[in-house]
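K.L.:
Okay, so here is protein31.txt, and as you'll see once you scroll down, it has compact mmCIF, C-alpha atoms.
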# COMPACT_ATOMS: atom_id res chain seq x y z
CA MET H 1 192.91 65.09 133.04
CA LYS H 2 189.25 65.37 132.09
CA ARG H 3 188.48 68.37 129.89
CA ASN H 4 184.99 67.71 128.53
CA PHE H 5 181.96 68.17 130.78
CA GLU H 6 178.20 67.85 130.35
CA HIS H 7 175.70 70.06 132.17
CA GLN H 8 171.95 70.32 132.47
CA ALA H 9 171.76 74.06 132.00
CA VAL H 10 169.65 77.19 131.61
CA ILE H 11 171.15 79.92 129.42
CA LEU H 12 171.04 83.15 131.44
CA SER H 13 172.99 85.70 129.39
CA VAL H 14 174.75 85.98 126.03
CA LYS H 15 176.94 88.96 125.08
CA ASP H 16 179.09 89.66 122.03
CA THR H 17 182.81 90.03 122.73
CA GLY H 18 183.90 91.10 119.25
CA GLY H 19 185.31 89.00 116.48
CA GLY H 20 182.10 87.01 116.29
CA ASN H 21 182.58 85.39 119.68
CA ARG H 22 180.25 85.55 122.68
CA ASN H 23 180.40 85.35 126.45
CA VAL H 24 177.75 83.01 127.82
CA ILE H 25 176.55 82.78 131.40
CA PHE H 26 174.54 79.68 132.21
CA PHE H 27 173.16 78.00 135.28
CA SER H 28 174.29 74.42 135.76
CA ARG H 29 172.21 72.04 137.81
CA ASP H 30 175.44 70.66 139.28
CA GLU H 31 177.74 73.70 139.49
CA GLY H 32 175.51 76.80 139.61
CA VAL H 33 176.42 79.98 137.72
CA GLN H 34 179.11 79.33 135.11
CA LYS H 35 180.76 81.29 132.29
CA ALA H 36 182.01 80.05 128.93
CA LEU H 37 183.04 81.32 125.51
CA LEU H 38 181.02 80.56 122.40
CA PHE H 39 182.91 80.56 119.11
CA GLY H 40 181.50 80.42 115.60
CA GLY H 41 180.24 82.47 112.68
CA PRO H 42 176.91 84.34 112.46
CA LYS H 43 175.21 81.34 110.84
CA SER H 44 176.49 78.88 113.42
CA ARG H 45 173.90 76.34 114.56
CA LEU H 46 175.37 76.48 118.05
CA LYS H 47 174.97 80.27 118.25
CA SER H 48 171.35 80.10 117.18
CA LEU H 49 170.59 77.58 119.94
CA THR H 50 172.62 79.12 122.75
CA VAL H 51 170.33 82.01 123.69
CA PRO H 52 168.64 83.10 126.94
CA PHE H 53 165.65 81.10 128.22
CA HIS H 54 166.76 77.87 126.49
CA CYS H 55 167.22 74.83 128.75
CA GLY H 56 168.91 71.56 127.92
CA ARG H 57 172.13 69.55 127.78
CA LEU H 58 175.25 71.67 127.38
CA TRP H 59 178.79 70.46 126.71
CA ILE H 60 181.86 72.51 127.57
CA TYR H 61 185.60 72.09 127.13
CA ARG H 62 187.96 73.31 129.87
CA ASP H 63 191.59 74.00 128.99
CA GLY H 64 193.32 74.39 132.34
CA VAL H 65 196.61 75.40 130.75
CA LYS H 66 195.25 78.25 128.63
CA GLY H 67 192.46 79.10 131.07
CA ILE H 68 189.79 78.78 128.41
CA VAL H 69 186.28 77.42 128.92
CA LYS H 70 184.27 77.05 125.73
CA ILE H 71 180.93 75.61 124.70
CA THR H 72 181.25 72.71 122.28
CA ASP H 73 177.60 71.67 121.91
CA PHE H 74 174.11 72.39 123.19
CA PHE H 75 170.87 70.45 122.79
CA PRO H 76 167.99 72.47 124.27
CA ASP H 77 164.80 70.59 125.09
CA LYS H 78 162.92 73.71 126.24
CA PHE H 79 162.98 76.90 124.15
CA HIS H 80 160.47 79.09 126.04
CA SER H 81 159.70 81.10 122.92
CA GLY H 82 156.56 82.45 124.59
CA ILE H 83 158.76 84.42 126.98
CA ARG H 84 160.77 86.04 124.20
CA GLU H 85 157.61 87.13 122.39
CA ASN H 86 156.19 89.11 125.34
CA LEU H 87 157.93 92.13 126.88
CA VAL H 88 156.50 91.65 130.40
CA LYS H 89 157.61 88.02 130.45
CA THR H 90 161.03 88.93 129.04
CA MET H 91 161.58 91.56 131.73
CA ALA H 92 160.40 89.24 134.50
CA ALA H 93 162.78 86.50 133.36
CA SER H 94 165.60 89.04 132.97
CA LEU H 95 165.18 90.22 136.57
CA ALA H 96 165.15 86.63 137.80
CA PHE H 97 168.30 85.85 135.79
CA GLU H 98 170.15 88.97 136.93
CA THR H 99 169.28 88.15 140.54
CA VAL H 100 170.63 84.61 140.17
CA ILE H 101 173.83 85.85 138.49
CA THR H 102 174.63 88.57 141.02
CA THR H 103 173.97 86.29 144.00
CA LEU H 104 175.94 83.40 142.47
CA GLY H 105 173.08 81.00 142.14
CA GLY H 106 171.59 80.58 145.58
CA GLY H 107 174.48 79.30 147.64
CA SER H 108 175.42 75.65 147.17
CA ASP H 109 172.04 73.95 146.70
CA PHE H 110 172.18 74.23 142.93
CA ASP H 111 169.71 71.43 142.26
CA LYS H 112 166.92 73.24 144.12
CA THR H 113 167.77 76.53 142.44
CA TYR H 114 167.69 74.86 139.03
CA PHE H 115 164.30 73.32 139.78
CA LEU H 116 162.96 76.69 140.95
CA LEU H 117 164.37 78.55 137.94
CA GLU H 118 163.19 76.06 135.33
CA GLY H 119 159.74 75.87 136.94
CA PHE H 120 159.51 79.67 136.88
CA LEU H 121 160.32 79.76 133.16
CA ASP H 122 157.86 76.95 132.38
CA GLY H 123 155.16 78.77 134.32
CA ILE H 124 155.48 82.25 132.88
CA GLU H 125 155.67 80.93 129.32
CA ILE H 126 152.02 79.87 129.52
CA SER H 127 150.86 82.53 131.99
CA SER H 128 149.05 85.80 131.40
CA GLU H 129 150.94 89.03 132.06
CA GLU H 130 149.20 89.27 135.43
CA GLY H 131 150.18 85.71 136.25
CA THR H 132 153.76 86.50 135.23
CA ARG H 133 153.96 89.42 137.66
CA TYR H 134 152.79 87.22 140.53
CA ALA H 135 155.08 84.37 139.47
CA LEU H 136 158.09 86.69 139.57
CA LEU H 137 157.36 87.77 143.14
CA ARG H 138 156.84 84.17 144.26
CA PHE H 139 160.11 83.19 142.57
CA LEU H 140 162.10 85.99 144.22
CA TRP H 141 160.63 85.17 147.63
CA ARG H 142 161.43 81.46 147.35
CA TYR H 143 164.87 82.24 145.95
CA MET H 144 165.68 84.38 148.98
CA LYS H 145 164.70 81.41 151.13
CA LEU H 146 167.27 79.29 149.26
CA LEU H 147 169.83 82.02 149.82
CA GLY H 148 169.13 81.88 153.54
CA THR H 149 168.36 85.61 153.64
CA LEU H 150 164.58 85.43 154.02
CA PRO H 151 163.38 87.05 157.26
CA TYR H 152 160.47 85.67 159.29
CA VAL H 153 157.20 87.35 158.36
CA ASP H 154 155.50 86.56 161.65
CA LYS H 155 158.44 87.06 164.01
CA CYS H 156 159.62 90.49 165.09
CA SER H 157 163.35 90.84 164.46
CA VAL H 158 163.73 93.18 167.47
CA CYS H 159 161.79 91.58 170.34
CA ASN H 160 161.59 88.05 168.78
CA SER H 161 157.90 87.77 169.59
CA ILE H 162 155.67 85.71 167.31
CA LYS H 163 152.82 87.66 165.73
CA SER H 164 149.61 86.58 164.02
CA THR H 165 146.85 88.20 162.00
CA ASP H 166 144.41 86.22 164.15
CA ASP H 167 145.34 88.48 167.08
CA ASN H 168 144.80 91.67 165.06
CA GLU H 169 148.48 92.49 165.39
CA LYS H 170 150.43 94.56 162.88
CA MET H 171 153.79 93.95 161.25
CA TYR H 172 156.03 96.27 159.26
CA TYR H 173 158.81 95.72 156.77
CA TYR H 174 161.87 97.58 158.11
CA ILE H 175 163.68 98.75 154.99
CA LEU H 176 167.02 99.65 156.60
CA GLU H 177 167.64 96.17 157.99
CA ASN H 178 165.57 94.11 155.54
CA THR H 179 163.50 92.54 158.32
CA PHE H 180 159.98 92.54 159.73
CA VAL H 181 159.16 94.20 163.04
CA CYS H 182 156.04 94.53 165.19
CA GLN H 183 154.26 97.82 165.79
CA ASP H 184 155.72 98.30 169.28
CA CYS H 185 159.26 97.95 167.97
CA THR H 186 158.82 100.51 165.20
CA ASN H 187 158.83 103.08 168.00
CA PHE H 188 161.97 101.49 169.47
CA ASN H 189 163.84 101.89 166.18
CA ASN H 190 162.46 105.32 165.34
CA PRO H 191 161.39 107.02 168.59
CA ASP H 192 160.78 110.43 167.05
CA GLY H 193 158.71 109.13 164.17
CA ILE H 194 160.94 110.99 161.70
CA HIS H 195 160.50 109.86 158.08
CA PHE H 196 158.49 106.85 159.25
CA GLY H 197 157.38 106.05 155.70
CA ASP H 198 160.99 106.02 154.51
CA TYR H 199 161.91 103.30 156.98
CA TYR H 200 158.80 101.14 157.36
CA ILE H 201 156.16 99.66 155.08
CA ALA H 202 153.01 98.48 156.83
CA LEU H 203 152.14 94.88 156.02
CA PRO H 204 148.41 94.64 155.18
CA GLU H 205 146.74 91.45 156.35
CA PRO H 206 146.18 90.10 152.79
CA VAL H 207 149.89 90.58 151.98
CA TRP H 208 150.89 88.98 155.28
CA ASN H 209 148.68 85.97 154.52
CA PHE H 210 149.97 85.81 150.94
CA LEU H 211 153.60 85.60 152.05
CA ASN H 212 152.80 82.97 154.67
CA SER H 213 151.03 80.94 151.98
CA ILE H 214 154.17 80.96 149.81
CA ASN H 215 156.14 79.71 152.81
CA THR H 216 153.76 76.92 153.78
CA GLU H 217 151.90 75.79 150.65
CA THR H 218 152.97 74.09 147.44
CA MET H 219 153.84 76.01 144.26
CA LYS H 220 150.68 74.73 142.61
CA ALA H 221 148.48 75.82 145.51
CA THR H 222 149.77 79.41 145.37
CA GLN H 223 149.59 79.90 141.60
CA LYS H 224 146.10 81.39 141.61
CA LEU H 225 146.40 83.54 144.72
CA ARG H 226 145.61 87.18 143.95
CA LEU H 227 145.55 90.45 145.90
CA PRO H 228 143.72 93.76 145.55
CA GLU H 229 145.76 96.07 143.35
CA LYS H 230 146.92 98.35 146.19
CA ASP H 231 148.09 95.34 148.20
CA PHE H 232 149.89 93.89 145.19
CA GLU H 233 151.83 97.15 144.82
CA ILE H 234 152.87 96.94 148.49
CA LEU H 235 153.92 93.31 148.05
CA LYS H 236 155.97 94.25 144.98
CA LYS H 237 157.64 97.17 146.74
CA ILE H 238 158.64 94.98 149.67
CA ILE H 239 160.00 92.08 147.61
CA PHE H 240 161.85 94.30 145.14
CA SER H 241 163.44 96.14 148.07
CA MET H 242 164.40 92.86 149.73
CA ILE H 243 165.99 91.34 146.64
CA GLN H 244 168.05 94.47 146.03
CA LYS H 245 169.22 94.41 149.65
CA VAL H 246 170.56 90.86 149.36
CA SER H 247 172.20 91.45 145.99
CA PRO H 248 175.86 92.55 146.16
CA ALA H 249 175.41 94.62 142.98
CA LYS H 250 172.76 97.06 141.80
CA LEU H 251 170.09 95.21 139.84
CA LYS H 252 169.94 97.12 136.55
CA THR H 253 166.71 95.42 135.51
CA LEU H 254 164.92 96.91 138.52
CA VAL H 255 165.85 100.37 137.26
CA SER H 256 164.90 99.76 133.64
CA ILE H 257 161.52 98.06 134.15
CA GLY H 258 159.84 101.17 135.59
CA GLY H 259 156.21 100.32 136.26
CA MET H 260 156.12 97.49 133.72
CA LEU H 261 156.09 94.77 136.37
Starting from the file, give its structure as structure tokens.

P.N.:
Amino acid sequence: MKRNFEHQAVILSVKDTGGGNRNVIFFSRDEGVQKALLFGGPKSRLKSLTVPFHCGRLWIYRDGVKGIVKITDFFPDKFHSGIRENLVKTMAASLAFETVITTLGGGSDFDKTYFLLEGFLDGIEISSEEGTRYALLRFLWRYMKLLGTLPYVDKCSVCNSIKSTDDNEKMYYYILENTFVCQDCTNFNNPDGIHFGDYYIALPEPVWNFLNSINTETMKATQKLRLPEKDFEILKKIIFSMIQKVSPAKLKTLVSIGGML
């Protein structure tokens, strides 16, 4: 029975377990989110290399009898030290990692998730803090598409009509159901208008166009897209709400970042 396996991996999380050992969560290009033990002393070469943001070839040993999975070697080819040296970039990557871990890596299309995750890390390492904030939102939006949980921006989830900014129509993000609805259907869902702002977020035209661009254009083409500050805050509120809705666990990073991102 085969016990040694090689993975192309991104290290997502490393936590001490006591006794000098560590629990490691990594994302495998072939198998998605995986967990393994890391043994060794404080001066271990393997421990110094197996840290979050590093990407490369990882070897693990699986003992089916004892139920142990351990890391035996790791050769990172990308260290992303620029992320670790900047708090905004660190928090952005941490939110992306926590999202991937709690949602188990984007279903079964691990290769696409790996490509998206590695590209996100490569991008924010050389980006400004502003660029990092936009990159995080683009990543989360595209990741939800891989999960199959991304609602249509230009299709009302209630009446199924197609809407367009060209027709001066308005769309709203419906927080309770994590969908987008047209203006007519906001009255259908909330006839008395009670706590309207608690249920719906109006989608400004620039934000609507921004999200459609992410859906239809290449990653490179959307890298330099920017919004007025007030519209960016709306975009962030919507996407952060959406990603928490699809996550089966509370995203602790969302709570701790405050207004940093």

K.L.:
Set out as a tab-separated table a contact list for stretch 174-252 of chain H and stretch 159-165 of chain H with a cut-off of 10 Å, giving each residue of stretch 174-252 of chain H that qualifies its closest atom pair and distance in Å to one decimal, counting all atoms listed in the file, ordered by chain and rising residue number.

P.N.:
residue	atom	partner	partner_atom	distance
H:Val181	CA	H:Cys159	CA	8.2
H:Cys182	CA	H:Lys163	CA	7.6
H:Asp184	CA	H:Cys159	CA	9.1
H:Cys185	CA	H:Cys159	CA	7.3
H:Phe188	CA	H:Cys159	CA	9.9
H:Pro204	CA	H:Thr165	CA	9.5
H:Glu205	CA	H:Thr165	CA	6.5
H:Pro206	CA	H:Thr165	CA	9.4
H:Trp208	CA	H:Thr165	CA	7.9
H:Asn209	CA	H:Thr165	CA	8.0

K.L.:
Give the answer as one residue: which of H:Ala36, H:Tyr173, H:Phe74, H:Leu95 has the shortest atom-to-atom distance to H:Val255, using only C-alpha atoms?

P.N.:
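Of H:Ala36, H:Tyr173, H:Phe74, H:Leu95, the one nearest H:Val255 is H:Leu95, counting only C-alpha atoms.
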
K.L.:
Using only C-alpha atoms, tabulate the residues of stretch 35-111 of chain H lying at most 9 Å from any atom of stretch 144-148 of chain H, each with its closest atom pair and that distance in Å to one decimal, by chain and increasing residue number, as a tab-separated table.

P.N.:
residue	atom	partner	partner_atom	distance
H:Thr103	CA	H:Leu147	CA	8.3
H:Gly105	CA	H:Leu147	CA	8.4
H:Gly106	CA	H:Leu147	CA	4.8
H:Gly107	CA	H:Leu147	CA	5.8
H:Ser108	CA	H:Leu147	CA	8.9
H:Asp109	CA	H:Leu146	CA	7.6

K.L.:
Quick one: pull the distance between atom CA of H:Arg22 and atom CA of H:Leu37, Å, one decimal.

P.N.:
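It comes out at 5.8 Å.
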
K.L.:
Between H:Glu177, H:Glu118, H:Glu169, H:Asp231, which is the closest to H:Phe27 once you count only C-alpha atoms?

P.N.:
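Under the stated criterion, the closest residue is H:Glu118.
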
K.L.:
Mind pulling up the distance from atom CA of H:Gly20 to atom CA of H:Leu46?

P.N.:
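Interatomic distance, atom CA of H:Leu46 to atom CA of H:Gly20: 12.6 Å.
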
K.L.:
Quick one: residues within 10 Å of H:Leu137, all atoms listed in the file, excluding same-chain residues fewer than 5 positions away - as a PyMOL selection string?

P.N.:
chain H and resi 92+96+132+142-143+211+232+235-236+238-240+243+261

K.L.:
Please provide as a ChimeraX atom specification all residues within 9 Å of H:Thr253, with the sequence filter that same-chain residues fewer than 3 positions apart are discarded (counting all atoms listed in the file).

P.N.:
/H:91-92,94-95,98,250,256-258

K.L.:
I need the residue nearest H:Lys35 from this list: H:Tyr199, H:Val69, H:Gly82, H:Leu254. Use only C-alpha atoms for the distance.

P.N.:
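For H:Lys35, the nearest of the given residues is H:Val69.
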
K.L.:
Hey, can you check how far atom CA of H:His7 sits from atom CA of H:Gly41?

P.N.:
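Those two atoms sit 23.5 Å apart.
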